[in-house]
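Trainee: The file below is target-v3.cif, mmCIF, C-alpha atoms:
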```cif
data_model
loop_
_atom_site.label_atom_id
_atom_site.label_comp_id
_atom_site.auth_asym_id
_atom_site.auth_seq_id
_atom_site.Cartn_x
_atom_site.Cartn_y
_atom_site.Cartn_z
CA MET G 1443 -18.88 26.85 -0.22
CA PHE G 1444 -21.22 28.01 2.60
CA ARG G 1445 -22.28 24.41 3.29
CA ALA G 1446 -18.63 23.26 3.45
CA ALA G 1447 -17.75 26.09 5.84
CA ALA G 1448 -20.73 25.26 8.04
CA LEU G 1449 -19.77 21.60 8.18
CA ARG G 1450 -16.21 22.58 9.04
CA MET G 1451 -17.48 24.62 11.98
CA VAL G 1452 -19.62 21.71 13.16
CA TYR G 1453 -16.68 19.29 12.95
CA CYS G 1454 -14.40 21.70 14.83
CA ALA G 1455 -17.04 22.01 17.54
CA LEU G 1456 -17.32 18.22 17.76
CA ASP G 1457 -13.54 17.96 18.13
CA ALA G 1458 -13.67 20.48 20.98
CA LEU G 1459 -16.38 18.46 22.72
CA LEU G 1460 -14.38 15.24 22.31
CA LEU G 1461 -11.03 16.64 23.49
CA LEU G 1462 -11.51 16.23 27.23
CA PRO G 1463 -13.17 12.78 26.98
CA VAL G 1464 -10.38 11.41 24.76
CA LEU G 1465 -7.68 12.78 27.06
CA LEU G 1466 -9.32 11.11 30.05
CA LEU G 1467 -9.84 7.90 28.10
CA ALA G 1468 -6.17 7.82 27.05
CA ALA G 1469 -4.97 8.47 30.59
CA PHE G 1470 -7.09 5.77 32.23
CA SER G 1471 -6.68 3.21 29.43
CA ARG G 1472 -3.01 2.80 30.33
CA TRP G 1473 -4.15 0.24 32.91
CA ALA G 1474 -6.54 -1.61 30.58
CA PRO G 1475 -5.90 -5.39 30.22
CA ARG G 1476 -5.24 -5.24 26.48
CA ALA G 1477 -5.94 -8.41 24.51
CA VAL G 1478 -4.40 -7.32 21.17
CA ASP G 1479 -0.65 -6.95 20.72
CA ILE G 1480 -0.89 -5.08 17.41
CA GLY G 1481 -3.86 -3.36 15.77
CA LEU G 1482 -3.58 -2.65 12.04
CA GLY G 1483 -5.75 0.01 10.40
CA PRO G 1484 -7.87 1.97 9.88
CA ARG G 1485 -7.64 2.22 6.07
CA PRO G 1486 -9.07 -0.86 4.31
CA LEU G 1487 -5.81 -1.67 2.51
CA VAL G 1488 -5.31 -5.15 1.09
CA ASN G 1489 -1.86 -5.37 2.63
CA ASN G 1490 -3.07 -5.16 6.24
CA PRO G 1491 -4.60 -8.66 6.43
CA TYR G 1492 -1.33 -10.09 5.06
CA HIS G 1493 0.71 -8.19 7.65
CA ALA G 1494 -1.61 -9.41 10.39
CA ARG G 1495 -1.12 -13.02 9.29
CA ALA G 1496 2.64 -12.50 9.11
CA LEU G 1497 2.65 -11.18 12.68
CA ARG G 1498 0.45 -14.00 13.93
CA GLY G 1499 3.01 -16.39 12.50
CA ARG G 1500 5.51 -14.78 14.89
CA GLY G 1501 3.28 -15.27 17.91
CA TYR G 1502 1.66 -11.84 18.03
CA ARG G 1503 -2.03 -11.31 18.63
CA ALA G 1504 -2.63 -9.07 15.61
CA GLU G 1505 -6.05 -7.84 14.48
CA THR G 1506 -7.13 -5.51 11.68
CA PHE G 1507 -9.70 -2.76 12.08
CA VAL G 1508 -11.30 -0.46 9.50
CA ASN G 1509 -13.67 2.47 9.39
CA GLU G 1510 -15.25 1.26 6.15
CA ARG G 1511 -15.28 -1.70 3.78
CA TYR G 1512 -13.75 -1.52 0.33
CA TYR G 1513 -14.49 -3.40 -2.88
CA ILE G 1514 -11.00 -4.93 -3.12
CA THR G 1515 -11.38 -7.04 0.01
CA ASP G 1516 -13.43 -7.18 3.20
CA ASP G 1517 -11.03 -9.53 4.97
CA PHE G 1518 -10.79 -7.47 8.15
CA ASP G 1519 -11.36 -8.45 11.76
CA HIS G 1520 -13.24 -5.40 13.03
CA ASP G 1521 -15.49 -3.03 11.08
CA LEU G 1522 -15.72 -0.03 13.40
CA GLY G 1523 -17.61 2.26 11.07
CA VAL G 1524 -21.00 3.67 11.98
CA PRO G 1525 -24.08 4.58 9.87
CA ARG G 1526 -23.46 7.55 7.59
CA PRO G 1527 -25.47 10.19 9.52
CA PHE G 1528 -23.18 9.54 12.50
CA GLY G 1529 -20.01 8.86 10.53
CA TYR G 1530 -17.92 11.43 12.38
CA LEU G 1531 -18.38 9.51 15.62
CA ALA G 1532 -16.61 6.50 14.09
CA ALA G 1533 -13.37 8.26 15.05
CA PHE G 1534 -14.31 8.14 18.74
CA ARG G 1535 -15.45 4.53 18.47
CA MET G 1536 -12.17 3.49 16.82
CA LEU G 1537 -10.11 5.42 19.32
CA CYS G 1538 -11.87 3.66 22.20
CA TRP G 1539 -11.16 0.29 20.60
CA CYS G 1540 -7.49 1.10 20.01
CA LEU G 1541 -6.82 2.51 23.47
CA ILE G 1542 -8.66 -0.19 25.39
CA ASN G 1543 -7.62 -3.21 23.33
CA CYS G 1544 -4.21 -2.60 21.69
CA ARG G 1545 -0.67 -2.55 23.04
CA SER G 1546 0.57 -1.08 19.76
CA LEU G 1547 -0.66 0.08 16.36
CA LEU G 1548 0.52 -0.29 12.76
CA ILE G 1549 -0.90 2.75 11.00
CA TYR G 1550 -0.19 5.05 8.06
CA PHE G 1551 0.88 8.66 7.80
CA ASP G 1552 -2.67 9.98 7.47
CA GLY G 1553 -3.18 8.78 11.03
CA GLY G 1554 -5.12 6.23 13.02
CA ALA G 1555 -8.55 6.50 14.57
CA LEU G 1556 -8.63 10.32 14.40
CA ALA G 1557 -7.37 10.59 10.81
CA ASP G 1558 -10.53 12.21 9.45
CA THR G 1559 -11.27 14.68 12.24
CA ALA G 1560 -11.10 18.43 11.73
CA TRP G 1561 -8.15 19.17 14.05
CA LEU G 1562 -8.21 16.53 16.77
CA TRP G 1563 -5.85 14.40 14.66
CA ARG G 1564 -3.03 16.67 15.83
CA THR G 1565 -3.42 15.23 19.33
CA GLU G 1566 -3.41 11.57 18.30
CA PRO G 1567 0.28 10.76 18.91
CA LEU G 1568 0.00 12.42 22.35
CA LEU G 1569 -3.04 10.30 23.20
CA TYR G 1570 -1.24 7.07 22.30
CA ARG G 1571 1.82 8.07 24.30
CA LEU G 1572 -0.37 8.99 27.26
CA ALA G 1573 -2.01 5.57 27.00
CA GLY G 1574 1.28 3.69 26.57
CA VAL G 1575 0.32 2.50 23.06
CA ARG G 1576 3.30 2.21 20.69
CA THR G 1577 2.93 3.36 17.07
CA VAL G 1578 4.68 2.06 13.95
CA VAL G 1579 4.02 4.27 10.92
CA LEU G 1580 4.11 3.25 7.24
CA ALA G 1581 3.22 4.97 3.98
CA TYR G 1582 0.80 3.79 1.28
CA GLY G 1583 0.77 6.63 -1.25
CA SER G 1584 -1.45 9.69 -1.05
CA ASP G 1585 -0.84 9.90 2.70
CA VAL G 1586 2.70 11.19 2.04
CA GLN G 1587 2.58 12.60 -1.49
CA ASP G 1588 3.43 16.26 -1.11
CA LEU G 1589 4.02 16.89 -4.79
CA THR G 1590 6.39 19.78 -4.18
CA ARG G 1591 8.93 17.13 -3.11
CA THR G 1592 8.95 14.85 -6.14
CA THR G 1593 11.24 15.06 -9.15
CA ASN G 1594 8.88 12.88 -11.22
CA LEU G 1595 7.06 15.46 -13.35
CA LEU G 1596 5.01 12.90 -15.27
CA PHE G 1597 3.73 11.51 -11.98
CA LYS G 1598 2.88 15.04 -10.85
CA HIS G 1599 1.01 15.53 -14.12
CA GLY G 1600 -0.88 12.27 -13.61
CA MET G 1601 -1.85 13.22 -10.07
CA GLY G 1602 -3.34 16.42 -11.39
CA LYS G 1603 -5.49 14.42 -13.81
CA SER G 1604 -6.45 11.55 -11.52
CA TYR G 1605 -6.59 13.35 -8.16
CA PRO G 1606 -7.35 17.02 -8.90
CA GLY G 1607 -8.52 17.48 -5.32
CA HIS G 1608 -5.18 16.37 -3.91
CA ARG G 1609 -3.83 19.92 -4.32
CA HIS G 1610 -6.16 21.04 -1.53
CA ARG G 1611 -4.66 18.44 0.84
CA ARG G 1612 -1.00 19.34 0.43
CA ARG G 1613 -0.62 21.28 3.66
CA ARG G 1614 -2.49 18.63 5.64
CA VAL G 1615 -0.40 15.85 4.09
CA ALA G 1616 2.83 17.70 4.90
CA ALA G 1617 1.63 18.42 8.44
CA LYS G 1618 0.78 14.77 9.06
CA VAL G 1619 4.12 13.57 7.70
CA ASP G 1620 5.78 15.98 10.10
CA LEU G 1621 3.53 14.99 13.03
CA TRP G 1622 4.08 11.24 12.76
CA THR G 1623 7.75 11.53 11.82
CA ARG G 1624 8.38 13.49 15.01
CA TRP G 1625 6.06 11.67 17.40
CA GLY G 1626 5.52 8.16 16.03
CA ASP G 1627 7.61 5.53 17.80
CA HIS G 1628 8.99 4.00 14.59
CA VAL G 1629 8.82 5.19 10.98
CA VAL G 1630 9.20 2.69 8.12
CA ALA G 1631 10.09 3.99 4.64
CA GLY G 1632 10.30 2.25 1.30
CA ALA G 1633 9.26 2.15 -2.37
CA ASP G 1634 9.13 5.58 -4.04
CA TRP G 1635 7.78 7.10 -0.81
CA VAL G 1636 11.34 7.82 0.36
CA GLU G 1637 11.13 10.88 -1.87
CA TYR G 1638 8.45 12.40 0.38
CA LEU G 1639 9.93 11.55 3.79
CA TYR G 1640 12.77 13.31 5.60
CA HIS G 1641 13.48 10.66 8.26
CA TRP G 1642 12.93 6.97 8.84
CA ASP G 1643 13.95 4.40 11.45
CA SER G 1644 13.70 1.40 9.11
CA LEU G 1645 14.07 1.16 5.36
CA GLN G 1646 12.60 -1.52 3.10
CA ILE G 1647 12.41 -1.85 -0.67
CA GLY G 1648 8.67 -2.08 -0.08
CA HIS G 1649 6.74 -3.14 3.00
CA PHE G 1650 4.29 -5.27 0.98
CA SER G 1651 3.65 -8.89 1.88
CA ILE G 1652 1.63 -11.64 0.21
CA ASP G 1653 0.47 -15.17 0.90
CA THR G 1654 2.63 -17.22 -1.46
CA GLU G 1655 0.46 -20.27 -0.83
CA ARG G 1656 -2.63 -18.46 -2.08
CA TRP G 1657 -0.96 -16.67 -5.00
CA VAL G 1658 0.76 -19.46 -6.91
CA PRO G 1659 1.69 -20.22 -10.54
CA GLN G 1660 -1.25 -21.97 -12.17
CA ASN G 1661 0.08 -23.10 -15.55
CA ALA G 1662 2.97 -25.47 -16.15
CA PRO G 1663 5.63 -23.90 -18.41
CA ASP G 1664 4.81 -26.26 -21.27
CA ALA G 1665 1.07 -25.61 -20.99
CA GLU G 1666 1.13 -22.02 -22.23
CA PRO G 1667 -1.46 -21.76 -25.02
CA ALA G 1668 -0.74 -20.45 -28.48
CA GLY G 1669 -2.45 -17.31 -29.68
CA PRO G 1670 -2.24 -13.60 -28.90
CA LEU G 1671 -0.16 -12.30 -26.04
CA ARG G 1672 -2.65 -11.89 -23.21
CA VAL G 1673 -1.75 -8.70 -21.36
CA LEU G 1674 -3.43 -7.79 -18.07
CA HIS G 1675 -3.49 -4.27 -16.66
CA ALA G 1676 -5.39 -3.09 -13.57
CA PRO G 1677 -5.37 0.70 -13.39
CA ASN G 1678 -7.02 2.18 -10.34
CA HIS G 1679 -6.13 5.58 -11.79
CA ARG G 1680 -5.22 5.54 -15.48
CA ALA G 1681 -3.09 8.68 -15.63
CA LEU G 1682 -0.82 7.33 -12.89
CA LYS G 1683 -0.41 3.93 -14.51
CA GLY G 1684 0.25 5.04 -18.11
CA THR G 1685 -2.88 3.27 -19.33
CA GLU G 1686 -3.39 5.41 -22.42
CA ALA G 1687 0.18 4.77 -23.60
CA LEU G 1688 -0.36 1.04 -23.08
CA GLN G 1689 -3.60 1.10 -25.06
CA ARG G 1690 -1.97 2.99 -27.93
CA ALA G 1691 0.94 0.56 -27.98
CA ALA G 1692 -1.38 -2.45 -28.07
CA ALA G 1693 -3.44 -0.92 -30.88
CA ARG G 1694 -0.36 -0.16 -32.99
CA LEU G 1695 1.01 -3.66 -32.50
CA CYS G 1696 -2.28 -5.22 -33.53
CA ALA G 1697 -2.29 -3.03 -36.63
CA GLU G 1698 1.19 -4.34 -37.44
CA GLY G 1699 -0.03 -7.91 -37.14
CA VAL G 1700 1.48 -8.57 -33.71
CA PRO G 1701 -1.34 -10.27 -31.80
CA ILE G 1702 -2.00 -8.55 -28.46
CA GLU G 1703 -5.06 -9.11 -26.29
CA LEU G 1704 -5.25 -6.34 -23.68
CA THR G 1705 -7.54 -6.71 -20.66
CA LEU G 1706 -8.19 -3.85 -18.26
CA LEU G 1707 -9.46 -4.61 -14.77
CA GLU G 1708 -10.96 -1.71 -12.84
CA ARG G 1709 -12.73 -1.74 -9.47
CA VAL G 1710 -12.98 -5.50 -9.10
CA PRO G 1711 -12.48 -7.63 -5.96
CA ASN G 1712 -9.11 -9.18 -5.25
CA ASP G 1713 -10.38 -12.72 -5.97
CA GLU G 1714 -11.27 -11.66 -9.52
CA VAL G 1715 -7.84 -10.11 -9.92
CA ARG G 1716 -6.22 -13.38 -8.85
CA ALA G 1717 -8.21 -15.35 -11.46
CA ALA G 1718 -7.36 -12.85 -14.19
CA VAL G 1719 -3.64 -12.92 -13.32
CA ALA G 1720 -3.67 -16.72 -13.53
CA ALA G 1721 -5.18 -16.54 -17.03
CA CYS G 1722 -2.83 -13.95 -18.56
CA ASP G 1723 0.65 -14.17 -20.09
CA VAL G 1724 2.02 -10.79 -19.00
CA VAL G 1725 1.09 -8.33 -16.26
CA VAL G 1726 1.62 -4.63 -16.90
CA ASP G 1727 1.76 -2.78 -13.59
CA GLN G 1728 2.55 0.91 -14.17
CA LEU G 1729 4.60 3.02 -16.58
CA VAL G 1730 4.80 6.31 -14.65
CA ILE G 1731 5.34 5.98 -10.88
CA GLY G 1732 8.79 4.45 -10.90
CA TRP G 1733 8.52 1.59 -8.40
CA TYR G 1734 6.44 -1.53 -7.93
CA ALA G 1735 3.60 -2.23 -5.52
CA MET G 1736 0.95 -4.81 -4.67
CA PHE G 1737 -0.37 -5.62 -8.15
CA ALA G 1738 3.16 -6.26 -9.42
CA ILE G 1739 3.81 -8.55 -6.45
CA GLU G 1740 0.61 -10.47 -7.15
CA GLY G 1741 1.74 -10.99 -10.72
CA MET G 1742 5.26 -12.06 -9.72
CA ALA G 1743 3.93 -14.43 -7.04
CA SER G 1744 1.81 -16.04 -9.77
CA GLY G 1745 4.91 -16.69 -11.86
CA LYS G 1746 4.11 -14.05 -14.49
CA PRO G 1747 6.52 -11.61 -16.13
CA VAL G 1748 5.60 -8.15 -14.83
CA VAL G 1749 6.21 -5.02 -16.88
CA CYS G 1750 6.90 -1.98 -14.71
CA HIS G 1751 8.64 1.39 -14.79
CA VAL G 1752 11.57 1.37 -12.34
CA ARG G 1753 13.35 4.64 -11.70
CA PRO G 1754 17.11 4.02 -11.90
CA ASP G 1755 17.80 6.46 -9.07
CA LEU G 1756 15.51 4.54 -6.72
CA GLU G 1757 16.95 1.18 -7.70
CA ASN G 1758 20.50 2.48 -7.22
CA PHE G 1759 19.54 3.91 -3.84
CA TYR G 1760 18.29 0.54 -2.56
CA ILE G 1761 21.35 -1.20 -3.97
CA ASP G 1762 23.67 1.32 -2.33
CA ALA G 1763 21.75 1.00 0.95
CA GLY G 1764 22.40 -2.75 0.89
CA LEU G 1765 18.75 -3.79 0.56
CA LEU G 1766 18.84 -4.98 -3.04
CA GLU G 1767 21.37 -6.84 -5.10
CA PRO G 1768 22.39 -5.48 -8.51
CA ALA G 1769 20.13 -6.93 -11.24
CA GLU G 1770 17.99 -8.64 -8.59
CA LEU G 1771 14.69 -7.05 -9.59
CA PRO G 1772 13.05 -9.41 -12.11
CA LEU G 1773 10.73 -6.72 -13.47
CA VAL G 1774 10.60 -6.12 -17.23
CA ARG G 1775 11.43 -2.42 -17.52
CA ALA G 1776 9.21 -0.14 -19.59
CA ASP G 1777 7.82 3.38 -19.56
CA VAL G 1778 5.35 5.30 -21.71
CA ARG G 1779 7.91 5.62 -24.51
CA THR G 1780 9.23 2.06 -24.56
CA ILE G 1781 6.13 0.00 -23.81
CA GLU G 1782 5.46 -0.75 -27.48
CA SER G 1783 8.91 -2.23 -28.16
CA VAL G 1784 8.82 -4.16 -24.89
CA LEU G 1785 5.48 -5.78 -25.73
CA ARG G 1786 6.67 -6.55 -29.26
CA SER G 1787 9.64 -8.41 -27.81
CA LEU G 1788 7.55 -10.27 -25.22
CA ALA G 1789 5.04 -11.38 -27.85
CA THR G 1790 7.67 -13.51 -29.60
CA ASP G 1791 9.90 -14.52 -26.70
CA THR G 1792 8.02 -17.35 -25.00
CA ASP G 1793 11.14 -18.79 -23.39
CA GLY G 1794 12.15 -15.39 -22.08
CA ARG G 1795 8.72 -14.87 -20.52
CA ARG G 1796 8.95 -18.22 -18.75
CA ALA G 1797 12.40 -17.46 -17.40
CA VAL G 1798 11.27 -14.08 -16.05
CA GLY G 1799 8.23 -15.73 -14.47
CA VAL G 1800 10.41 -18.21 -12.61
CA ARG G 1801 12.70 -15.42 -11.36
CA SER G 1802 9.67 -13.37 -10.35
CA ARG G 1803 8.24 -16.12 -8.19
CA ALA G 1804 11.60 -16.68 -6.48
CA PHE G 1805 11.97 -12.94 -5.82
CA VAL G 1806 8.61 -12.73 -4.06
CA GLU G 1807 9.33 -15.82 -1.99
CA THR G 1808 12.55 -14.19 -0.83
CA ARG G 1809 11.46 -10.57 -0.41
CA HIS G 1810 7.69 -10.43 0.17
CA SER G 1811 6.50 -13.72 1.68
CA LEU G 1812 4.60 -13.78 4.96
CA ASP G 1813 7.63 -15.34 6.61
CA ARG G 1814 9.91 -12.53 5.44
CA ALA G 1815 7.38 -9.87 6.43
CA GLY G 1816 6.91 -11.48 9.83
CA HIS G 1817 10.68 -11.47 10.40
CA ASP G 1818 10.99 -7.78 9.46
CA LEU G 1819 7.92 -6.63 11.39
CA GLU G 1820 8.87 -8.56 14.51
CA ALA G 1821 12.25 -6.81 14.55
CA ILE G 1822 10.49 -3.44 14.30
CA PHE G 1823 7.99 -4.12 17.08
CA ARG G 1824 10.63 -5.53 19.37
CA ALA G 1825 12.62 -2.34 18.77
CA VAL G 1826 9.72 -0.29 20.20
CA GLY G 1827 9.31 -2.68 23.14
CA VAL G 1828 6.43 -4.85 21.92
CA ALA G 1829 7.22 -8.58 22.10
CA PRO G 1830 4.61 -11.33 21.69
CA CYS G 1831 2.77 -12.02 24.92
CA PRO G 1832 3.23 -15.63 26.17
#
```
The structure in this file should be written as structure tokens.

Mentor:
Amino acid sequence: MFRAAALRMVYCALDALLLLPVLLLAAFSRWAPRAVDIGLGPRPLVNNPYHARALRGRGYRAETFVNERYYITDDFDHDLGVPRPFGYLAAFRMLCWCLINCRSLLIYFDGGALADTAWLWRTEPLLYRLAGVRTVVLAYGSDVQDLTRTTNLLFKHGMGKSYPGHRHRRRRVAAKVDLWTRWGDHVVAGADWVEYLYHWDSLQIGHFSIDTERWVPQNAPDAEPAGPLRVLHAPNHRALKGTEALQRAAARLCAEGVPIELTLLERVPNDEVRAAVAACDVVVDQLVIGWYAMFAIEGMASGKPVVCHVRPDLENFYIDAGLLEPAELPLVRADVRTIESVLRSLATDTDGRRAVGVRSRAFVETRHSLDRAGHDLEAIFRAVGVAPCP
């Protein structure tokens, strides 16, 4: 505890030393000849490279930047991290890059370059406004999850098991949601994150995008091999994905004589995930959260039936908001109580699996392709005054 308090004091002192330099940098950078229309970062999220490609397809000069590399993918344009003994100074390095090079930023609710500072993060929207840099703010998960705001008790329970330290971040999470909601230029909401936000300027069923030329169906419908139902599940945090319930269901079905082959992928690069999705019959995304995300989209883009828990209230909300057609979601619905019966049905319904796979691919082409993402993102950036430079 003493060491943590001492480090906190050091970081607060560093923030105080950096305050005047960053204010001056922001003020003078307004006249910098910026070469990047949109910077995307700094978290190493797999979706950012797809968004950058979608924006480039619309004529924007879009570049990704990160403060660290991650095992899922290292497909980023700028690694602005620094060696670990000087890690805190990465914030200043990233801020310099953003202010000098970027006309606008696509960031998340935990913040941009100053996200990990002690208190200087509270000044970040002011710095961008002073510099004339526009900010578009999205959510990705733990950046907005103030668990006092959710009605999903099983998800809250899973967060306690998978992220016990998240309870210590609640006030900071809530403060950052408030900061960027009030002072970001454009807030984009979607997925189950609408439950944690109190305002948005744009609403999407999910801001995810994917390269539908890279993620493609591999097997012809008549080439599906006989044998056990090959089920793929990739839990980054098991309690949030309902992994134990899935494992119990698979074990009981095997004991009944229903052949199930369950594969769990954990902490593997995205290329390995793509190969595993191509080789499976069914993808199981999550049974707890209540909406779909990137892994489900990867499975649907590959023409696979994807099993996922969908909260009816969220689906009805997006239908009522005019963003989703009734019965449009091609996901196979299941939760921790129904996963066994759903897998039993899928194991014997080859034709049904194929039909869902075809619908899944069409859904992703319509809702999550790079072209669709580029169209939606261009509208957002034009709304904040950022058009592609000629």

Trainee: One decimal, Å: what's the distance from atom CA of G:Thr1590 over to atom CA of G:Arg1609, could you say?

Mentor: 10.2 Å

Trainee: Please indicate the distance in Å from atom CA of G:Gly1684 to atom CA of G:Glu1708, rounded to one decimal place.

Mentor: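 Interatomic distance here is 14.1 Å.
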
Trainee: Which residues of stretch 1729-1832 of chain G sit at most 10 Å from stretch 1671-1675 of chain G, using all atoms listed in the file? Give each one's shortest atom pair and distance in Å (one decimal place), in chain and ascending residue order, as a tab-separated table.

Mentor:
```
residue	atom	partner	partner_atom	distance
G:Phe1737	CA	G:His1675	CA	9.2
G:Gly1741	CA	G:Leu1674	CA	9.5
G:Val1748	CA	G:Leu1674	CA	9.6
G:Val1749	CA	G:His1675	CA	9.7
G:Leu1785	CA	G:Leu1671	CA	8.6
G:Arg1786	CA	G:Leu1671	CA	9.5
G:Leu1788	CA	G:Leu1671	CA	8.0
G:Ala1789	CA	G:Leu1671	CA	5.6
G:Thr1790	CA	G:Leu1671	CA	8.7
G:Thr1792	CA	G:Leu1671	CA	9.7
```

Trainee: Report, in Å with one decimal, the straight-line distance from atom CA of G:Ile1761 to atom CA of G:Gly1600.

Mentor: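 Rounded to one decimal, the two atoms are 27.7 Å apart.
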
Trainee: When the PyMOL selection byres ((chain G and resi 1545-1554) around 6) is applied to the structure above, which residues does it catch, written out as a ChimeraX atom specification?

Mentor: /G:1479-1484,1544,1555-1557,1575-1581,1585,1619

Trainee: My list of candidates is G:Arg1709, G:Arg1476, G:His1599, G:Arg1716. Which is closest to G:Pro1659 when distances are computed with only C-alpha atoms?

Mentor: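 For G:Pro1659, the nearest of the candidates is G:Arg1716.
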
Trainee: Please enumerate the residues selected by the PyMOL selection byres ((chain G and resi 1514) around 8) when evaluated against the supplied file, formatted as a PyMOL selection string.

Mentor: chain G and resi 1488+1512-1513+1515-1516+1709-1712

Trainee: Given the choices G:Ser1783, G:Gln1660, G:Thr1565, G:Asn1758, which gets closest to G:Trp1625 if the distance is worked out from only C-alpha atoms?

Mentor: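 Closest residue, counting only C-alpha atoms: G:Thr1565.
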
Trainee: Just give me the residues with any atom within 12 Å of (-5.9, 3.6, -15.8), file coordinates, counting only C-alpha atoms, written as a PyMOL selection string.

Mentor: chain G and resi 1600-1601+1603-1604+1674-1689+1705-1709+1726-1730

Trainee: Let me make sure I understand: among G:Pro1567, G:Gly1602, G:Gly1626, G:Gly1648, which one has the smallest atom-to-atom distance to G:Asn1489 if we use all atoms listed in the file?

Mentor: G:Gly1648

Trainee: Might you spell out which residues the PyMOL selection byres ((chain G and resi 1614) around 12) would select in the displayed file, as a PyMOL selection string?

Mentor: chain G and resi 1551-1553+1557-1561+1563-1564+1584-1588+1608-1613+1615-1621

Trainee: So that I can see what lies close to G:His1751, please list as a list in words the residues with an atom at most 8 Å from it, counting all atoms listed in the file and leaving out residues fewer than 3 positions away in the same chain.

Mentor: Gln1728, Leu1729, Val1730, Ile1731, Gly1732, Trp1733, Tyr1734, Arg1775, Ala1776 and Asp1777 of chain G

Trainee: Find the residue from G:Ser1811, G:Asp1517, G:Tyr1530, G:Ser1644 that sits nearest to G:Asp1713; use all atoms listed in the file when measuring.

Mentor: G:Asp1517

Trainee: Check the smallest atom-to-atom distance from each of G:Leu1596, G:Leu1460, G:Leu1766, G:Asp1519 to G:Arg1535 using all atoms listed in the file, then report the winner.

Mentor: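 Looking only at the distances to G:Arg1535, the closest residue turns out to be G:Leu1460.
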